[in-house]
Amino acid sequence: MIERVNLADIDNPATLQTRRDLAACYRLIHHFRMSDLLASHVSARIPGKAGRLLINQFGTLFNEVTASNLVEIDYDGQVFEPAGAIINPAGLLIHSAVHAARHDAGCVIHVHTAAGIAVSAQEEGLLPISQQALVVGNYLSYHDYEGVALLEAEKARLQADLGNTRVMILRNHGLLAVGDTIGEAFFWLYTLQKACEIQVLAQACGAPLRMVPEATRDLVMEQTRQFAGARMGQRDWIALLRDVERFAPDFAS
């Protein structure tokens, strides 16, 4: 059974919008084939509630997540609503660690994609061979695999490795993205995933890979701090929400 809250009882418009945006993010991750059955997760801060997050119920597929079945928790994993809901303990550790260390993190996304894990298993990690890789390259960090994320001691190392970066490759594990907003986090995740897909395809060709010179990498970073007067991903998110409304109109329910 999927537990739900009554959206009509939520009197804060910002909270309601966060629930809808977060549900849309789950649907987009499923749509772009970045979900992994019940594993992986997305969290968002609740406006006006310090130390409170929204995350998916453990047991819901990403294409079943709606605004009303997201779970309100604190950093210790206490469930506030809906009553009876449970969450993934590994998700709690990762997301509570990042939100506690990064007060700018309005949203945190963690996924297990085939291309992401393939690159995470490579000693050199993400290579500077595509524009997508250059966009995320200067905001990228790495964290070594320590087993399923259930050990409290891993939190401090995860926080230290993430630092102030926006995207992280979890070695032998998957990908993580952080954004001020849900839309921004999704943009960084999508771009990192695309860079990983390109790398795996390029490597499969067997031909020598052409690395982009460091000076050009720095140029791309400067060029993409903002784009056409907006933060990276801002316009993408507006367009993506229109798409979610077409292919999964129940997300907001």
# chains A, B, ... in the order shown; residues from 1 in each chain; ligands from 1

call {"tool": "select_by_dssp", "arguments": {"residues": "stretch 107-198 of chain A", "states": "alpha helix (DSSP H)", "output": "NGL selection string"}}
result
:A and (114-120 or 131-137 or 154-162 or 182-198)

call {"tool": "write_last_selection", "arguments": {"atoms": "N, CA and C atoms", "output": "CSV table (one decimal), in the first residue's frame"}}
result
chain,number,residue,atom,x,y,z
A,114,ALA,N,23.7,2.4,-15.7
A,114,ALA,CA,24.8,1.5,-16.2
A,114,ALA,C,26.0,2.3,-16.7
A,115,ALA,N,25.7,3.4,-17.4
A,115,ALA,CA,26.9,4.2,-17.9
A,115,ALA,C,27.6,4.9,-16.7
A,116,GLY,N,26.8,5.4,-15.8
A,116,GLY,CA,27.5,6.1,-14.6
A,116,GLY,C,28.3,5.1,-13.8
A,117,ILE,N,27.8,3.9,-13.6
A,117,ILE,CA,28.6,2.9,-12.8
A,117,ILE,C,29.8,2.5,-13.7
A,118,ALA,N,29.6,2.3,-15.0
A,118,ALA,CA,30.8,1.9,-15.8
A,118,ALA,C,31.9,2.9,-15.7
A,119,VAL,N,31.6,4.2,-15.8
A,119,VAL,CA,32.6,5.2,-15.7
A,119,VAL,C,33.2,5.3,-14.2
A,120,SER,N,32.3,5.1,-13.3
A,120,SER,CA,32.8,5.1,-11.9
A,120,SER,C,33.8,4.0,-11.6
A,131,GLN,N,31.6,17.9,-24.7
A,131,GLN,CA,31.2,19.2,-24.1
A,131,GLN,C,30.4,18.9,-22.8
A,132,GLN,N,29.7,17.8,-22.7
A,132,GLN,CA,29.0,17.5,-21.5
A,132,GLN,C,29.9,17.3,-20.3
A,133,ALA,N,31.0,16.6,-20.6
A,133,ALA,CA,32.0,16.3,-19.6
A,133,ALA,C,32.7,17.6,-19.2
A,134,LEU,N,32.9,18.5,-20.1
A,134,LEU,CA,33.5,19.8,-19.7
A,134,LEU,C,32.6,20.7,-18.9
A,135,VAL,N,31.3,20.6,-19.2
A,135,VAL,CA,30.4,21.4,-18.4
A,135,VAL,C,30.4,21.0,-16.9
A,136,VAL,N,30.4,19.7,-16.7
A,136,VAL,CA,30.4,19.2,-15.3
A,136,VAL,C,31.8,19.1,-14.7
A,137,GLY,N,32.9,19.0,-15.5
A,137,GLY,CA,34.2,18.7,-15.1
A,137,GLY,C,34.8,19.5,-14.0
A,154,GLU,N,30.6,6.7,7.4
A,154,GLU,CA,30.8,7.1,6.0
A,154,GLU,C,30.3,8.5,5.8
A,155,LYS,N,29.4,9.0,6.6
A,155,LYS,CA,28.9,10.4,6.3
A,155,LYS,C,29.9,11.5,6.2
A,156,ALA,N,30.9,11.5,7.2
A,156,ALA,CA,31.9,12.5,7.2
A,156,ALA,C,32.8,12.5,6.0
A,157,ARG,N,33.1,11.3,5.5
A,157,ARG,CA,33.9,11.1,4.4
A,157,ARG,C,33.2,11.5,3.1
A,158,LEU,N,31.9,11.2,3.0
A,158,LEU,CA,31.1,11.6,1.9
A,158,LEU,C,31.0,13.1,1.8
A,159,GLN,N,30.8,13.8,3.0
A,159,GLN,CA,30.7,15.2,3.0
A,159,GLN,C,32.0,15.9,2.6
A,160,ALA,N,33.1,15.3,3.1
A,160,ALA,CA,34.4,15.9,2.8
A,160,ALA,C,34.7,15.8,1.3
A,161,ASP,N,34.4,14.6,0.7
A,161,ASP,CA,34.7,14.4,-0.7
A,161,ASP,C,33.8,15.3,-1.6
A,162,LEU,N,32.6,15.5,-1.2
A,162,LEU,CA,31.7,16.3,-2.0
A,162,LEU,C,32.1,17.8,-1.9
A,182,ILE,N,15.4,22.0,-7.4
A,182,ILE,CA,15.2,20.6,-8.0
A,182,ILE,C,15.5,20.6,-9.5
A,183,GLY,N,15.1,21.6,-10.2
A,183,GLY,CA,15.4,21.7,-11.6
A,183,GLY,C,16.9,21.8,-11.9
A,184,GLU,N,17.6,22.5,-11.1
A,184,GLU,CA,19.1,22.6,-11.2
A,184,GLU,C,19.8,21.3,-11.0
A,185,ALA,N,19.4,20.6,-9.9
A,185,ALA,CA,19.9,19.3,-9.6
A,185,ALA,C,19.7,18.3,-10.7
A,186,PHE,N,18.5,18.3,-11.3
A,186,PHE,CA,18.2,17.4,-12.4
A,186,PHE,C,19.1,17.8,-13.6
A,187,PHE,N,19.3,19.0,-13.9
A,187,PHE,CA,20.2,19.4,-15.0
A,187,PHE,C,21.6,18.9,-14.8
A,188,TRP,N,22.1,19.0,-13.6
A,188,TRP,CA,23.5,18.5,-13.4
A,188,TRP,C,23.5,17.0,-13.5
A,189,LEU,N,22.5,16.3,-13.0
A,189,LEU,CA,22.5,14.9,-13.1
A,189,LEU,C,22.4,14.4,-14.6
A,190,TYR,N,21.5,15.0,-15.3
A,190,TYR,CA,21.3,14.7,-16.7
A,190,TYR,C,22.6,14.9,-17.5
A,191,THR,N,23.3,16.0,-17.3
A,191,THR,CA,24.5,16.3,-18.0
A,191,THR,C,25.6,15.3,-17.7
A,192,LEU,N,25.8,15.0,-16.4
A,192,LEU,CA,26.8,14.0,-16.0
A,192,LEU,C,26.4,12.7,-16.6
A,193,GLN,N,25.2,12.3,-16.5
A,193,GLN,CA,24.8,11.0,-17.1
A,193,GLN,C,25.1,10.9,-18.6
A,194,LYS,N,24.8,12.0,-19.3
A,194,LYS,CA,25.0,12.1,-20.8
A,194,LYS,C,26.5,12.0,-21.0
A,195,ALA,N,27.3,12.7,-20.2
A,195,ALA,CA,28.8,12.6,-20.4
A,195,ALA,C,29.3,11.2,-20.2
A,196,CYS,N,28.7,10.4,-19.3
A,196,CYS,CA,29.1,9.0,-19.0
A,196,CYS,C,28.7,8.2,-20.2
A,197,GLU,N,27.5,8.4,-20.7
A,197,GLU,CA,27.0,7.6,-21.9
A,197,GLU,C,27.9,7.8,-23.1
A,198,ILE,N,28.3,9.1,-23.3
A,198,ILE,CA,29.2,9.4,-24.5
A,198,ILE,C,30.5,8.7,-24.3

call {"tool": "select_by_dssp", "arguments": {"residues": "stretch 60-242 of chain A", "states": "strand (DSSP E or B)", "output": "VMD selection string"}}
result
chain A and resid 71 to 74 79 to 81 107 to 111 140 to 143 167 to 170 174 to 179 226 to 227 230 to 231

call {"tool": "write_last_selection", "arguments": {"atoms": "N, CA and C atoms", "output": "PDB file, in the first residue's frame"}}
result
ATOM      1  N   VAL A  71       7.401  11.514   1.256  1.00  0.00           N
ATOM      2  CA  VAL A  71       7.460  11.382   2.711  1.00  0.00           C
ATOM      3  C   VAL A  71       8.244  12.540   3.327  1.00  0.00           C
ATOM      4  N   GLU A  72       7.675  13.161   4.348  1.00  0.00           N
ATOM      5  CA  GLU A  72       8.378  14.197   5.100  1.00  0.00           C
ATOM      6  C   GLU A  72       9.159  13.544   6.240  1.00  0.00           C
ATOM      7  N   ILE A  73      10.477  13.801   6.263  1.00  0.00           N
ATOM      8  CA  ILE A  73      11.356  13.224   7.283  1.00  0.00           C
ATOM      9  C   ILE A  73      12.278  14.305   7.835  1.00  0.00           C
ATOM     10  N   ASP A  74      12.992  13.971   8.925  1.00  0.00           N
ATOM     11  CA  ASP A  74      14.089  14.815   9.373  1.00  0.00           C
ATOM     12  C   ASP A  74      15.402  14.071   9.123  1.00  0.00           C
ATOM     13  N   VAL A  79       9.771   9.837  10.462  1.00  0.00           N
ATOM     14  CA  VAL A  79       8.728  10.097   9.475  1.00  0.00           C
ATOM     15  C   VAL A  79       7.619  10.935  10.110  1.00  0.00           C
ATOM     16  N   PHE A  80       7.266  12.040   9.459  1.00  0.00           N
ATOM     17  CA  PHE A  80       6.204  12.913   9.959  1.00  0.00           C
ATOM     18  C   PHE A  80       4.895  12.671   9.215  1.00  0.00           C
ATOM     19  N   GLU A  81       4.972  12.562   7.904  1.00  0.00           N
ATOM     20  CA  GLU A  81       3.795  12.216   7.114  1.00  0.00           C
ATOM     21  C   GLU A  81       4.225  11.758   5.730  1.00  0.00           C
ATOM     22  N   CYS A 107      18.138  20.370  -3.355  1.00  0.00           N
ATOM     23  CA  CYS A 107      17.781  19.045  -3.870  1.00  0.00           C
ATOM     24  C   CYS A 107      19.046  18.213  -4.032  1.00  0.00           C
ATOM     25  N   VAL A 108      18.936  16.925  -3.723  1.00  0.00           N
ATOM     26  CA  VAL A 108      20.031  15.970  -3.898  1.00  0.00           C
ATOM     27  C   VAL A 108      19.478  14.756  -4.640  1.00  0.00           C
ATOM     28  N   ILE A 109      20.186  14.336  -5.688  1.00  0.00           N
ATOM     29  CA  ILE A 109      19.766  13.184  -6.491  1.00  0.00           C
ATOM     30  C   ILE A 109      20.874  12.146  -6.489  1.00  0.00           C
ATOM     31  N   HIS A 110      20.498  10.889  -6.272  1.00  0.00           N
ATOM     32  CA  HIS A 110      21.459   9.785  -6.358  1.00  0.00           C
ATOM     33  C   HIS A 110      20.853   8.676  -7.203  1.00  0.00           C
ATOM     34  N   VAL A 111      21.576   8.239  -8.237  1.00  0.00           N
ATOM     35  CA  VAL A 111      21.079   7.192  -9.127  1.00  0.00           C
ATOM     36  C   VAL A 111      22.161   6.153  -9.397  1.00  0.00           C
ATOM     37  N   LEU A 140      33.086  18.589 -10.425  1.00  0.00           N
ATOM     38  CA  LEU A 140      32.988  17.153 -10.191  1.00  0.00           C
ATOM     39  C   LEU A 140      33.924  16.686  -9.080  1.00  0.00           C
ATOM     40  N   SER A 141      33.407  15.773  -8.252  1.00  0.00           N
ATOM     41  CA  SER A 141      34.212  15.152  -7.203  1.00  0.00           C
ATOM     42  C   SER A 141      33.995  13.638  -7.241  1.00  0.00           C
ATOM     43  N   TYR A 142      34.782  12.917  -6.424  1.00  0.00           N
ATOM     44  CA  TYR A 142      34.715  11.450  -6.376  1.00  0.00           C
ATOM     45  C   TYR A 142      34.680  10.988  -4.924  1.00  0.00           C
ATOM     46  N   HIS A 143      33.999   9.861  -4.721  1.00  0.00           N
ATOM     47  CA  HIS A 143      33.938   9.256  -3.385  1.00  0.00           C
ATOM     48  C   HIS A 143      34.116   7.752  -3.530  1.00  0.00           C
ATOM     49  N   VAL A 167      28.403  17.854  -8.651  1.00  0.00           N
ATOM     50  CA  VAL A 167      28.187  16.471  -9.070  1.00  0.00           C
ATOM     51  C   VAL A 167      29.292  15.597  -8.501  1.00  0.00           C
ATOM     52  N   MET A 168      28.947  14.340  -8.247  1.00  0.00           N
ATOM     53  CA  MET A 168      29.911  13.408  -7.682  1.00  0.00           C
ATOM     54  C   MET A 168      29.750  12.047  -8.352  1.00  0.00           C
ATOM     55  N   ILE A 169      30.887  11.422  -8.616  1.00  0.00           N
ATOM     56  CA  ILE A 169      30.895  10.038  -9.059  1.00  0.00           C
ATOM     57  C   ILE A 169      31.248   9.188  -7.849  1.00  0.00           C
ATOM     58  N   LEU A 170      30.305   8.338  -7.464  1.00  0.00           N
ATOM     59  CA  LEU A 170      30.522   7.420  -6.356  1.00  0.00           C
ATOM     60  C   LEU A 170      31.167   6.166  -6.943  1.00  0.00           C
ATOM     61  N   GLY A 174      27.674   4.746  -8.450  1.00  0.00           N
ATOM     62  CA  GLY A 174      26.700   5.528  -9.196  1.00  0.00           C
ATOM     63  C   GLY A 174      27.026   7.002  -9.231  1.00  0.00           C
ATOM     64  N   LEU A 175      25.990   7.812  -9.402  1.00  0.00           N
ATOM     65  CA  LEU A 175      26.147   9.253  -9.583  1.00  0.00           C
ATOM     66  C   LEU A 175      25.330  10.016  -8.549  1.00  0.00           C
ATOM     67  N   LEU A 176      25.785  11.228  -8.255  1.00  0.00           N
ATOM     68  CA  LEU A 176      25.085  12.098  -7.312  1.00  0.00           C
ATOM     69  C   LEU A 176      25.137  13.520  -7.841  1.00  0.00           C
ATOM     70  N   ALA A 177      24.040  14.249  -7.679  1.00  0.00           N
ATOM     71  CA  ALA A 177      23.983  15.647  -8.113  1.00  0.00           C
ATOM     72  C   ALA A 177      23.309  16.493  -7.051  1.00  0.00           C
ATOM     73  N   VAL A 178      23.777  17.733  -6.931  1.00  0.00           N
ATOM     74  CA  VAL A 178      23.263  18.687  -5.939  1.00  0.00           C
ATOM     75  C   VAL A 178      22.870  19.965  -6.665  1.00  0.00           C
ATOM     76  N   GLY A 179      21.748  20.546  -6.288  1.00  0.00           N
ATOM     77  CA  GLY A 179      21.340  21.805  -6.894  1.00  0.00           C
ATOM     78  C   GLY A 179      20.652  22.710  -5.892  1.00  0.00           C
ATOM     79  N   GLN A 226      26.687  30.926 -16.758  1.00  0.00           N
ATOM     80  CA  GLN A 226      25.306  31.255 -17.114  1.00  0.00           C
ATOM     81  C   GLN A 226      25.204  31.088 -18.618  1.00  0.00           C
ATOM     82  N   PHE A 227      23.987  30.951 -19.104  1.00  0.00           N
ATOM     83  CA  PHE A 227      23.832  30.791 -20.547  1.00  0.00           C
ATOM     84  C   PHE A 227      22.591  31.541 -20.987  1.00  0.00           C
ATOM     85  N   ALA A 230      20.544  33.160 -18.120  1.00  0.00           N
ATOM     86  CA  ALA A 230      19.915  32.336 -17.086  1.00  0.00           C
ATOM     87  C   ALA A 230      20.921  31.316 -16.565  1.00  0.00           C
ATOM     88  N   ARG A 231      20.677  30.830 -15.347  1.00  0.00           N
ATOM     89  CA  ARG A 231      21.526  29.781 -14.805  1.00  0.00           C
ATOM     90  C   ARG A 231      21.355  28.510 -15.615  1.00  0.00           C
TER      91      ARG A 231
END

call {"tool": "atom_distance", "arguments": {"atom1": "atom CA of A:Ser130", "atom2": "atom CA of A:Ile94"}}
result
28.8 Å

call {"tool": "residues_around", "arguments": {"residues": "A:Gly77", "least_positions_apart": "5", "cutoff": "12 Å", "atoms": "only C-alpha atoms", "output": "MDAnalysis selection string"}}
result
chainID A and resid 51:55 57 71:72 85:97

call {"tool": "atom_distance", "arguments": {"atom1": "atom CA of A:Phe251", "atom2": "atom CA of A:Gly84"}}
result
21.0 Å

call {"tool": "residues_around", "arguments": {"residues": "A:Leu240", "least_positions_apart": "5", "cutoff": "12 Å", "atoms": "only C-alpha atoms", "output": "list in words"}}
result
Asp21, Ala24, Cys25, Arg27, Leu28, Ile29, His31, Phe32, Ile182, Gly183, Glu184, Phe186, Phe187, Tyr190, Gly233, Gln234, Arg235, Glu245, Arg246, Phe247 and Ala248 of chain A

call {"tool": "atom_distance", "arguments": {"atom1": "atom CA of A:Ala215", "atom2": "atom CA of A:Arg166"}}
result
21.3 Å

call {"tool": "decode", "arguments": {"residues": "stretch 211-239 of chain A", "atoms": "N, CA, C and O atoms", "output": "short mmCIF file (atom, residue, chain, number, x, y, z; two decimals), in the first residue's frame"}}
result
data_model
loop_
_atom_site.label_atom_id
_atom_site.label_comp_id
_atom_site.auth_asym_id
_atom_site.auth_seq_id
_atom_site.Cartn_x
_atom_site.Cartn_y
_atom_site.Cartn_z
N MET A 211 41.46 14.04 -26.17
CA MET A 211 41.17 14.83 -24.98
C MET A 211 41.12 16.32 -25.33
O MET A 211 41.95 16.81 -26.09
N VAL A 212 40.18 17.03 -24.76
CA VAL A 212 40.09 18.48 -24.98
C VAL A 212 41.19 19.16 -24.17
O VAL A 212 41.37 18.86 -22.98
N PRO A 213 41.94 20.09 -24.77
CA PRO A 213 43.03 20.76 -24.05
C PRO A 213 42.51 21.50 -22.81
O PRO A 213 41.37 21.96 -22.77
N GLU A 214 43.37 21.64 -21.82
CA GLU A 214 42.96 22.25 -20.56
C GLU A 214 42.48 23.68 -20.73
O GLU A 214 41.53 24.11 -20.06
N ALA A 215 43.11 24.44 -21.62
CA ALA A 215 42.70 25.83 -21.83
C ALA A 215 41.26 25.90 -22.34
O ALA A 215 40.48 26.77 -21.94
N THR A 216 40.89 24.97 -23.20
CA THR A 216 39.52 24.94 -23.71
C THR A 216 38.54 24.51 -22.63
O THR A 216 37.40 24.99 -22.56
N ARG A 217 38.97 23.60 -21.76
CA ARG A 217 38.12 23.19 -20.64
C ARG A 217 37.79 24.39 -19.76
O ARG A 217 36.64 24.58 -19.34
N ASP A 218 38.80 25.22 -19.49
CA ASP A 218 38.58 26.40 -18.66
C ASP A 218 37.64 27.39 -19.36
O ASP A 218 36.80 28.03 -18.71
N LEU A 219 37.78 27.49 -20.68
CA LEU A 219 36.92 28.39 -21.44
C LEU A 219 35.46 27.95 -21.34
O LEU A 219 34.56 28.77 -21.11
N VAL A 220 35.23 26.66 -21.49
CA VAL A 220 33.86 26.14 -21.41
C VAL A 220 33.27 26.41 -20.03
O VAL A 220 32.08 26.76 -19.91
N MET A 221 34.06 26.29 -18.99
CA MET A 221 33.56 26.58 -17.65
C MET A 221 33.09 28.02 -17.55
O MET A 221 32.02 28.31 -17.00
N GLU A 222 33.87 28.94 -18.10
CA GLU A 222 33.48 30.35 -18.07
C GLU A 222 32.25 30.59 -18.92
O GLU A 222 31.36 31.37 -18.54
N GLN A 223 32.18 29.94 -20.06
CA GLN A 223 31.05 30.15 -20.96
C GLN A 223 29.74 29.64 -20.40
O GLN A 223 28.66 30.10 -20.80
N THR A 224 29.80 28.68 -19.51
CA THR A 224 28.58 28.02 -19.04
C THR A 224 28.23 28.34 -17.58
O THR A 224 27.39 27.66 -16.98
N ARG A 225 28.89 29.33 -16.99
CA ARG A 225 28.46 29.75 -15.65
C ARG A 225 27.00 30.22 -15.71
O ARG A 225 26.21 29.96 -14.80
N GLN A 226 26.69 30.93 -16.76
CA GLN A 226 25.31 31.26 -17.11
C GLN A 226 25.20 31.09 -18.62
O GLN A 226 26.21 31.06 -19.33
N PHE A 227 23.99 30.95 -19.10
CA PHE A 227 23.83 30.79 -20.55
C PHE A 227 22.59 31.54 -20.99
O PHE A 227 21.49 31.30 -20.48
N ALA A 228 22.79 32.49 -21.90
CA ALA A 228 21.68 33.30 -22.43
C ALA A 228 20.91 33.98 -21.31
O ALA A 228 19.68 34.06 -21.32
N GLY A 229 21.65 34.48 -20.30
CA GLY A 229 21.04 35.26 -19.24
C GLY A 229 20.36 34.47 -18.15
O GLY A 229 19.66 35.06 -17.32
N ALA A 230 20.54 33.16 -18.12
CA ALA A 230 19.91 32.34 -17.09
C ALA A 230 20.92 31.32 -16.57
O ALA A 230 21.90 30.98 -17.24
N ARG A 231 20.68 30.83 -15.35
CA ARG A 231 21.53 29.78 -14.81
C ARG A 231 21.36 28.51 -15.62
O ARG A 231 20.28 28.24 -16.17
N MET A 232 22.42 27.73 -15.68
CA MET A 232 22.37 26.48 -16.43
C MET A 232 21.23 25.60 -15.92
O MET A 232 21.11 25.37 -14.72
N GLY A 233 20.40 25.14 -16.83
CA GLY A 233 19.30 24.26 -16.47
C GLY A 233 18.00 24.95 -16.16
O GLY A 233 16.95 24.30 -16.08
N GLN A 234 18.01 26.27 -15.96
CA GLN A 234 16.79 26.98 -15.55
C GLN A 234 15.70 26.89 -16.61
O GLN A 234 14.55 26.55 -16.31
N ARG A 235 16.07 27.18 -17.86
CA ARG A 235 15.09 27.09 -18.93
C ARG A 235 14.75 25.63 -19.26
O ARG A 235 13.62 25.33 -19.64
N ASP A 236 15.74 24.75 -19.12
CA ASP A 236 15.49 23.33 -19.37
C ASP A 236 14.37 22.82 -18.46
O ASP A 236 13.50 22.06 -18.90
N TRP A 237 14.42 23.21 -17.18
CA TRP A 237 13.44 22.70 -16.22
C TRP A 237 12.03 23.16 -16.57
O TRP A 237 11.08 22.37 -16.49
N ILE A 238 11.88 24.39 -16.99
CA ILE A 238 10.56 24.89 -17.38
C ILE A 238 10.00 24.06 -18.53
O ILE A 238 8.84 23.66 -18.54
N ALA A 239 10.86 23.77 -19.50
CA ALA A 239 10.44 22.96 -20.65
C ALA A 239 10.15 21.52 -20.23
O ALA A 239 9.19 20.91 -20.71
#
